[in-house]
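K.L.:
I have a structure I would like to understand better, so I am pasting it below and will then ask my questions one at a time.
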There are 2 protein chains.
Amino acid sequence: MRLTVLAGGVGGSTFIRGLLKARPDAEITVVGNTADDITLFGLRVCPDLDTVMYTLGGGISKERGWGREDETWVIKEELAEYGVEPTWFGLGDRDVATHLVRTQMLDAGYGLTAVTEALCQRWKLPVRLLPMSDDRVETHVVVDDPEQPGKRKAIHFQEYWVRWHAEVTAHQIVAVGQDKAKPAPGVLEAIAEADVVLIPPSNPVVSVGTILGVPGIRDAVRETKAPVIGLSPIIGTGPVRGMADKVLAAVGVASTASAVARFYGSRTTGGVLDGWLIDTSDSIQADSIAGAGIHVQAVPLWMTDETTTAAMADAALNLAEAVRR
Amino acid sequence: MRLTVLAGGVGGSTFIRGLLKARPDAEITVVGNTADDITLFGLRVCPDLDTVMYTLGGGISKERGWGREDETWVIKEELAEYGVEPTWFGLGDRDVATHLVRTQMLDAGYGLTAVTEALCQRWKLPVRLLPMSDDRVETHVVVDDPEQPGKRKAIHFQEYWVRWHAEVTAHQIVAVGQDKAKPAPGVLEAIAEADVVLIPPSNPVVSVGTILGVPGIRDAVRETKAPVIGLSPIIGTGPVRGMADKVLAAVGVASTASAVARFYGSRTTGGVLDGWLIDTSDSIQADSIAGAGIHVQAVPLWMTDETTTAAMADAALNLAEAVRR
């Protein structure tokens with residue numbers, strides 16, 4: 001069984017762990033978001049790809065959910081001693097090694113797909129991890145300037161997310177470079193040839209949204225013969241994890257399972273979803289979602305451990321079979 | 001008193017520490033060797049400049065004599081896990097931070113002089129440290145190929161020195177890029193305007209030799225009004241530290257204080273030395289050196305501690321006064 005997953009970082013990789021438990025024999029391709037990539041201290045950092053890689057490779061910090069287990073922070077200390085900005089992004093020493101290898105390979109002319117494959121070899125990933133694009137796409141957020149009241153400015157998504165904890169008002173989200181980006185080698189095929197396409201409970205705007213926004217990818221999802229099943233990243237009125245509500249607000253979408261389903265849209269009306277899983281506590285929204293032409297099912301959606309997450313994955317795949325045309 | 005020192009790494013910076021003790025009020029400019037610089041994992045590494053900076057800034061590893069005190073080696077471990085070559089050059093984590101700052105500034109278009117000044121600000125150096133050149137010069141060594149008997153190949157000096165411990169036969173030493181290099185801003189002025197120019201017991205070929213080899217620097221040393229005094233890096237038939245004998249052999253110079261003095265040459269006959277300090281155990285060579293037109297004095301030359309090194313510096317400065325024209 002070939003499964004293709006469009007994934008952000010923490011939510012995506014947590015879901016994929018459950019998926020691997022539910023379907024250990026599946027051939028899984030993960031199309032990873034690269035729009036929150038950033039160059040820091042000359043190093044090319046791919047937070048979402050690395051979260052998937054470290055999580056599925058067994059190197060993730062279990063406590064933080066990002067970065068490496070047994071991490072040390074000597075470089076960060078030293079950079080601060082040199083007075084080098086920014087100080088708000090914490091690059092651990094083990095993590096820096098990954099970025100050094102990546103940056104050196106990119107500088108040597110390898111595409112991000114090839115670089116990611118090389119990095120993943122060390123981690124013996126049980127999935128194939130593809131960046132959404134080899135081209136540079138970077139999400140910027142137009143915010144109220146935290147340092148000049150009354151003014152707005154565009155900042156990198158990481159600055160918005162990590163430095164300002166999404167606490168400054170976001171007015172607009174722009175994926176710079178996206179209009180000219182091409183899907184990475186293998187991405188369109190992985191979507192076209194999948195038995196099921198899955199959209200995990202990742203951020204619908206700055207993770208899955210930026211993947212779908214790469215010209216060609218949304219069309220591939222619309223056109224694949226595979227059922228496309230998503231899982232709501234919103235339970236009640238809040239995100240399962242992270243600050244998805246803030247970026248949803250910036251694009252005028254309410255923080256509810258139903259609003260996010262409508263944001264993705266039904267494939268019957270030009271959207272990307274065949275089916276949508278919502279949490280049991282949100283079952284009251286099922287009719288509204290069904291009204292938008294999306295098959296819906298309510299199941300427990302808290303990814304509290306691998307067993308509950310595997311049950312979610314199982315439910316998603318069962319829904320896929322139910323809606324398969 | 002303005003003193004200008006042409007310095008390699010360990011020998012040079014150890015000597016400068018003694019000089020600072022002997023003349024705490026002197027204005028010292030150090031012209032550092034950059035010909036053993038190397039790009040590793042995309043990072044620009046300047047071993048000699050960093051040894052001077054860390055030594056005089058109080059950050060050097062006292063045990064190793066290079067790199068940082070309290071160093072950690074996480075990055076090195078991780079790079080090995082990724083299977084990235086070379087593994088023979090040990091970049092410590094603290095050290096990597098220095099190279100990250102340097103590489104980022106160089107990539108942004110700053111010259112090595114400006115970058116070095118910026119790095120040194122953190123360390124509050126009691127001297128002004130200038131690279132010999134902002135242009136890239138890299139010493140390569142033609143050796144018997146350690147992996148293909150009967151063949152020769154050119155390798156970077158660091159590979160010869162660090163990987164092969166100078167144990168492969170060196171046939172030729174080439175400072176690649178030197179012919180087109182220009183002295184860094186301030187270097188010629190520091191030599192012309194010095195009260196004394198000092199050549200510490202650094203490697204005469206791959207440290208001081210490469211500095212003098214930058215077009216314009218040797219002439220500046222020949223033409224300065226200041227006395228130029230050197231200290232022998234050879235005592236008996238061996239180097240004070242390091243493997244200078246190996247590279248001296250490659251350029252056909254014997255490992256003796258006298259042969260090195262003649263290699264530098266007297267300023268009266270187109271060389272760079274007015275005076276030369278040799279170790280007391282080598283006093284028998286004094287006549288031969290004097291015969292080459294170089295003022296010579298025998299004093300204890302082992303830099304066993306700061307006091308003995310300060311006495312050496314003092315002797316060098318006294319010899320400078322004695323020979324001042």
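In the structure tokens, chains take the letters A, B, ... in the order shown, each chain's residues start at 1, and ligands count up from 1 in the order shown.
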Per residue of chain B within 10 Å of chain A, record the nearest atom pair and its distance in Å to one decimal, counting only C-alpha atoms, with rows in chain order and ascending residue number, as CSV.
P.N.:
residue,atom,partner,partner_atom,distance
B:Leu40,CA,A:Gln104,CA,9.2
B:Phe41,CA,A:Gln104,CA,6.0
B:Gly42,CA,A:Gln104,CA,5.3
B:Leu43,CA,A:Leu100,CA,8.5
B:Glu71,CA,A:Val74,CA,8.8
B:Thr72,CA,A:Val74,CA,7.8
B:Trp73,CA,A:Asp93,CA,9.2
B:Val74,CA,A:Arg94,CA,6.2
B:Ile75,CA,A:Ala97,CA,5.3
B:Lys76,CA,A:Ala97,CA,7.9
B:Glu77,CA,A:Arg94,CA,8.6
B:Glu78,CA,A:Ala97,CA,6.0
B:Leu79,CA,A:Ala97,CA,6.0
B:Ala80,CA,A:Ala97,CA,9.7
B:Glu81,CA,A:Arg122,CA,6.9
B:Tyr82,CA,A:Arg122,CA,5.7
B:Gly83,CA,A:Arg122,CA,8.1
B:Val84,CA,A:Val101,CA,7.5
B:Gly92,CA,A:Ile75,CA,9.8
B:Asp93,CA,A:Ile75,CA,6.1
B:Arg94,CA,A:Ile75,CA,5.8
B:Asp95,CA,A:Ile75,CA,8.5
B:Val96,CA,A:Ile75,CA,7.2
B:Ala97,CA,A:Ile75,CA,5.3
B:Thr98,CA,A:Leu79,CA,7.8
B:Leu100,CA,A:Phe41,CA,6.3
B:Val101,CA,A:Phe41,CA,6.8
B:Arg102,CA,A:Phe41,CA,9.6
B:Thr103,CA,A:Gly42,CA,7.4
B:Gln104,CA,A:Gly42,CA,5.3
B:Met105,CA,A:Gly42,CA,9.0
B:Asp107,CA,A:Gly42,CA,8.1
B:Ala108,CA,A:Gly42,CA,9.4
B:Ala118,CA,A:Tyr82,CA,8.5
B:Leu119,CA,A:Tyr82,CA,6.9
B:Cys120,CA,A:Tyr82,CA,9.1
B:Gln121,CA,A:Tyr82,CA,8.2
B:Arg122,CA,A:Tyr82,CA,5.7
B:Trp123,CA,A:Tyr82,CA,8.8
K.L.:
Now that the selection is made, can you save its residues with N, CA, C and O atoms as a compact mmCIF listing (two decimals), in the first residue's frame?
P.N.:
# COMPACT_ATOMS: atom_id res chain seq x y z
N LEU B 40 36.64 23.92 5.60
CA LEU B 40 36.20 22.58 6.02
C LEU B 40 34.72 22.61 6.32
O LEU B 40 34.26 23.48 7.08
N PHE B 41 33.96 21.71 5.72
CA PHE B 41 32.51 21.66 5.94
C PHE B 41 31.88 23.02 5.63
O PHE B 41 30.93 23.44 6.27
N GLY B 42 32.48 23.71 4.65
CA GLY B 42 31.95 25.02 4.26
C GLY B 42 32.36 26.15 5.18
O GLY B 42 31.99 27.30 4.96
N LEU B 43 33.14 25.84 6.21
CA LEU B 43 33.56 26.86 7.17
C LEU B 43 34.98 27.31 6.87
O LEU B 43 35.86 26.49 6.61
N GLU B 71 36.66 22.80 25.57
CA GLU B 71 36.06 22.51 24.26
C GLU B 71 35.20 21.25 24.36
O GLU B 71 35.44 20.39 25.20
N THR B 72 34.18 21.19 23.50
CA THR B 72 33.37 19.98 23.37
C THR B 72 33.42 19.56 21.90
O THR B 72 33.80 20.35 21.03
N TRP B 73 33.05 18.32 21.61
CA TRP B 73 33.31 17.74 20.28
C TRP B 73 32.08 17.08 19.68
O TRP B 73 32.18 16.11 18.95
N VAL B 74 30.94 17.65 19.98
CA VAL B 74 29.67 17.08 19.52
C VAL B 74 29.54 17.14 17.99
O VAL B 74 29.14 16.18 17.34
N ILE B 75 29.90 18.27 17.42
CA ILE B 75 29.79 18.45 15.96
C ILE B 75 30.65 17.42 15.23
O ILE B 75 30.23 16.82 14.25
N LYS B 76 31.85 17.24 15.73
CA LYS B 76 32.78 16.28 15.12
C LYS B 76 32.17 14.87 15.12
O LYS B 76 32.19 14.17 14.10
N GLU B 77 31.62 14.49 16.26
CA GLU B 77 30.91 13.20 16.39
C GLU B 77 29.79 13.07 15.36
O GLU B 77 29.63 12.05 14.69
N GLU B 78 28.98 14.13 15.29
CA GLU B 78 27.81 14.10 14.41
C GLU B 78 28.24 14.03 12.94
O GLU B 78 27.63 13.31 12.16
N LEU B 79 29.25 14.80 12.58
CA LEU B 79 29.71 14.77 11.19
C LEU B 79 30.20 13.36 10.84
O LEU B 79 29.95 12.86 9.74
N ALA B 80 30.85 12.72 11.78
CA ALA B 80 31.30 11.35 11.55
C ALA B 80 30.10 10.42 11.37
O ALA B 80 30.10 9.53 10.51
N GLU B 81 29.05 10.64 12.15
CA GLU B 81 27.82 9.84 12.01
C GLU B 81 27.22 10.01 10.61
O GLU B 81 26.64 9.08 10.05
N TYR B 82 27.33 11.21 10.09
CA TYR B 82 26.81 11.45 8.73
C TYR B 82 27.78 10.94 7.66
O TYR B 82 27.48 11.03 6.48
N GLY B 83 28.94 10.47 8.10
CA GLY B 83 29.92 9.95 7.15
C GLY B 83 30.59 11.03 6.32
O GLY B 83 31.05 10.80 5.22
N VAL B 84 30.67 12.23 6.89
CA VAL B 84 31.24 13.35 6.16
C VAL B 84 32.76 13.41 6.35
O VAL B 84 33.25 13.30 7.46
N GLY B 92 36.39 21.66 17.15
CA GLY B 92 35.61 21.68 18.39
C GLY B 92 34.39 22.57 18.23
O GLY B 92 34.32 23.41 17.33
N ASP B 93 33.41 22.37 19.10
CA ASP B 93 32.16 23.12 18.98
C ASP B 93 32.35 24.62 19.19
O ASP B 93 31.81 25.43 18.45
N ARG B 94 33.12 24.98 20.21
CA ARG B 94 33.34 26.42 20.46
C ARG B 94 34.05 27.05 19.27
O ARG B 94 33.72 28.15 18.83
N ASP B 95 35.03 26.32 18.77
CA ASP B 95 35.79 26.77 17.63
C ASP B 95 34.88 26.95 16.40
O ASP B 95 35.01 27.93 15.67
N VAL B 96 33.96 26.03 16.21
CA VAL B 96 33.03 26.11 15.07
C VAL B 96 32.27 27.43 15.09
O VAL B 96 32.03 28.05 14.05
N ALA B 97 31.91 27.90 16.28
CA ALA B 97 31.18 29.17 16.37
C ALA B 97 32.01 30.31 15.78
O ALA B 97 31.50 31.15 15.03
N THR B 98 33.30 30.32 16.08
CA THR B 98 34.19 31.34 15.50
C THR B 98 34.17 31.24 13.98
O THR B 98 34.06 32.26 13.27
N LEU B 100 31.87 29.95 12.07
CA LEU B 100 30.55 30.34 11.55
C LEU B 100 30.46 31.85 11.40
O LEU B 100 30.02 32.35 10.37
N VAL B 101 30.90 32.56 12.43
CA VAL B 101 30.85 34.03 12.36
C VAL B 101 31.73 34.52 11.22
O VAL B 101 31.33 35.35 10.41
N ARG B 102 32.94 33.96 11.15
CA ARG B 102 33.88 34.39 10.10
C ARG B 102 33.30 34.12 8.72
O ARG B 102 33.29 35.00 7.85
N THR B 103 32.81 32.90 8.51
CA THR B 103 32.33 32.50 7.19
C THR B 103 31.15 33.36 6.76
O THR B 103 31.07 33.82 5.62
N GLN B 104 30.26 33.61 7.73
CA GLN B 104 29.10 34.43 7.41
C GLN B 104 29.52 35.85 7.02
O GLN B 104 28.98 36.43 6.08
N MET B 105 30.49 36.41 7.74
CA MET B 105 30.94 37.76 7.41
C MET B 105 31.67 37.79 6.07
O MET B 105 31.49 38.72 5.28
N ASP B 107 31.17 35.75 3.58
CA ASP B 107 30.14 35.59 2.55
C ASP B 107 29.37 36.89 2.33
O ASP B 107 28.87 37.15 1.24
N ALA B 108 29.27 37.68 3.39
CA ALA B 108 28.55 38.95 3.26
C ALA B 108 29.42 40.02 2.61
O ALA B 108 28.96 41.12 2.36
N ALA B 118 36.58 42.16 13.95
CA ALA B 118 35.29 41.94 14.61
C ALA B 118 35.38 40.78 15.61
O ALA B 118 34.90 40.87 16.74
N LEU B 119 36.02 39.70 15.19
CA LEU B 119 36.17 38.55 16.10
C LEU B 119 37.00 38.94 17.33
O LEU B 119 36.69 38.55 18.46
N CYS B 120 38.06 39.71 17.09
CA CYS B 120 38.97 40.06 18.19
C CYS B 120 38.31 40.99 19.21
O CYS B 120 38.74 41.03 20.37
N GLN B 121 37.27 41.71 18.79
CA GLN B 121 36.60 42.60 19.75
C GLN B 121 36.09 41.83 20.95
O GLN B 121 36.19 42.28 22.08
N ARG B 122 35.52 40.66 20.67
CA ARG B 122 35.04 39.85 21.78
C ARG B 122 36.16 39.52 22.76
O ARG B 122 35.93 39.46 23.97
N TRP B 123 37.34 39.26 22.20
CA TRP B 123 38.43 38.76 23.03
C TRP B 123 39.26 39.87 23.66
O TRP B 123 40.20 39.60 24.39
K.L.:
Which residues are near stretch 128-145 of chain A? Cut-off 9 Å, only C-alpha atoms, ignore same chain within fewer than 5 positions. Put them as an NGL selection string.
P.N.:
:A and (6 or 27-38 or 49 or 52-53 or 111-114 or 116-117 or 120 or 150-160 or 168-187 or 206 or 210-212 or 214 or 217)
K.L.:
Which of these residues is nearest to B:Met312, using only C-alpha atoms: B:Leu20, B:Val247, B:Leu106, B:Ala7?
P.N.:
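Under the stated criterion, the closest residue is B:Leu20.
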K.L.:
Apply DSSP to the structure's backbone, then extract all residues of stretch 106-162 of chain A labelled alpha helix (DSSP H) and return them as a list in words.
P.N.:
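Written out, the alpha helix (DSSP H) residues of stretch 106-162 of chain A are Leu106, Asp107, Leu112, Thr113, Ala114, Val115, Thr116, Glu117, Ala118, Leu119, Cys120, Gln121, Arg122, Trp123, Phe157 and Gln158 of chain A.
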K.L.:
Extract the full set of strand (DSSP E) residues from stretch 113-251 of chain A according to DSSP on the backbone, and format it as an MDAnalysis selection string.
P.N.:
chainID A and resid 128:131 138:144 152:156 170:176 196:199 228:231 234:235 238:239
K.L.:
When you look at stretch 321-323 of chain B with a cut-off of 10 Å (counting only C-alpha atoms), what residues show up, excluding the ones that are within fewer than 6 positions of it in the same chain? I need them as number ranges by chain.
P.N.:
B: 195-196, 226-229, 274-275, 294-295, 315
K.L.:
Just C-alpha atoms for this one: save the residues we selected as a PDB file, in the first residue's frame.
P.N.:
ATOM      1  CA  ASP B 195      60.190  50.850  15.988  1.00  0.00           C
ATOM      2  CA  VAL B 196      61.193  47.174  15.882  1.00  0.00           C
ATOM      3  CA  ALA B 226      63.252  49.604  12.164  1.00  0.00           C
ATOM      4  CA  PRO B 227      65.722  46.912  13.150  1.00  0.00           C
ATOM      5  CA  VAL B 228      64.452  43.436  12.273  1.00  0.00           C
ATOM      6  CA  ILE B 229      65.239  40.811  14.872  1.00  0.00           C
ATOM      7  CA  ASP B 274      69.429  42.557  11.232  1.00  0.00           C
ATOM      8  CA  GLY B 275      69.761  40.378  14.295  1.00  0.00           C
ATOM      9  CA  ILE B 294      73.664  39.067  10.820  1.00  0.00           C
ATOM     10  CA  HIS B 295      74.134  40.335  14.372  1.00  0.00           C
ATOM     11  CA  ALA B 315      66.895  40.177  24.665  1.00  0.00           C
TER      12      ALA B 315
END
K.L.:
Using only C-alpha atoms, find the one residue out of B:Ile234, B:Thr268, B:Ala286, B:Gly65 that sits nearest to B:Arg325.
P.N.:
B:Thr268
K.L.:
Using only C-alpha atoms for the distances, tell me which of B:Leu319, B:Thr307, B:Lys225, B:Glu189 is nearest to B:Ala22.
P.N.:
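Of the candidates, the smallest distance to B:Ala22 is held by B:Thr307.
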K.L.:
Select, from A:Thr87, A:Ser288, A:Ser207, A:Thr304, the residue with the minimum atom-to-atom distance to A:Pro47, counting only C-alpha atoms.
P.N.:
A:Ser207
K.L.:
Write out as a list of chain:residue names which residues come within 8 Å of stretch 254-258 of chain A when counting only C-alpha atoms, dropping same-chain ones fewer than 4 positions away.
P.N.:
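So, after excluding close chain neighbours, the residues are A:Ser232, A:Pro233, A:Ile234, A:Ile235, A:Gly236, A:Thr237, A:Gly238, A:Pro239, A:Ala244, A:Asp245, A:Leu248, A:Ala249, A:Arg262, A:Ile278, A:Asp282, A:Gln285, A:Ala286, A:Ser288, A:Ile289.
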